[in-house]
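Have a look at the structure below, then the notes.
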Amino acid sequence: MTLGPADALRDAGLRVTSGRVAVLEALHDMPHSDAERLFQSLKQHLPGLSVQSVHNVLGDLTAVGLLRRIQPSGSPARYERRTGDNHHHLVCTECGAITDVDCAHGEAPCLTPVDAAGYTVTTAEVTYWGLCPACSATAS
Ligand SMILES: [Zn+2]
Ligand SMILES: [Zn+2]
């Protein structure tokens with residue numbers, strides 16, 4: 001069960017601010033958003049909000065584990081509230097759409113390196129690249 005934004009912030013030891021709550025709520029509705037998209041959707045509700053303050057909020061929330069940051073190559077960093085389950089992502093090479101996929105198998109890290117070289121491996125981030133259904137339809 002996901003805590004409400006204010007409770008989640010208090011649990012993480014962060015002060016509850018309107019900017020933090022708004023970013024958490026927006027990411028609930030639009031997972032995998034980048035800072036610019038969040039700013040565009042929040043600016044009319046939060047006068048005084050800047051892209052920089054959205055970046056600051058995202059950094060704070062990621063640092064305490066309330067958000068997960070993913071950055072497919074060629075894309076700005078995206079953020080999501082689904083943390084800690086080591087899920088993976090399907091990314092469309094055409095339109096940039098991102099879809100969650102569950103861990104390839106079992107517990108994190110679901111993919112064990114052939115040779116861990118002495119590392120204690122905790123996570124594996126897999127990005128599957130391809131065409132999303134909409135782009136596949138227009139490509140054919
Ligand atoms: Zn696409
Ligand atoms: Zn995700």
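Chain labels A, B, ... are given in the sequence in which chains occur in the structure tokens; within each chain residues are numbered consecutively from 1, and ligands are likewise numbered from 1 in the order shown.
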
Which residues are close to segment 93-97 of chain A, i.e. within 7 Å by only C-alpha atoms, leaving aside same-chain residues fewer than 2 positions away? Reply as a compact mmCIF listing (two decimals) with C-alpha atoms, in the first residue's frame.
# COMPACT_ATOMS: atom_id res chain seq x y z
CA VAL A 91 11.37 2.18 -23.82
CA THR A 99 6.32 1.14 -19.62
CA TRP A 129 14.44 -0.99 -26.30
CA GLY A 130 11.95 -1.31 -29.13
CA LEU A 131 8.83 0.12 -30.72
CA CYS A 135 4.66 3.28 -33.14

Exercise for review: Grab me every residue within 7 Å of ligand 2, counting only C-alpha atoms and all ligand atoms, and send it over as a PyMOL selection string.
Suggested key: chain A and resi 31-32+80+82+87-89+99-100

Exercise for review: Run DSSP on the backbone and grab whatever in segment 31-119 of chain A lands in strand (DSSP E or B); send it over as a ChimeraX atom specification.
Suggested key: /A:33-34,68-70,78-80,88-92,98-101

Practice item. Considering only C-alpha atoms and all ligand atoms, state which residue in the set A:Cys132, A:Arg81, A:Thr138, A:Gln44 is at the smallest distance from ligand 1. Key: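 Answer, going by the shortest atom-to-atom distance: A:Cys132.
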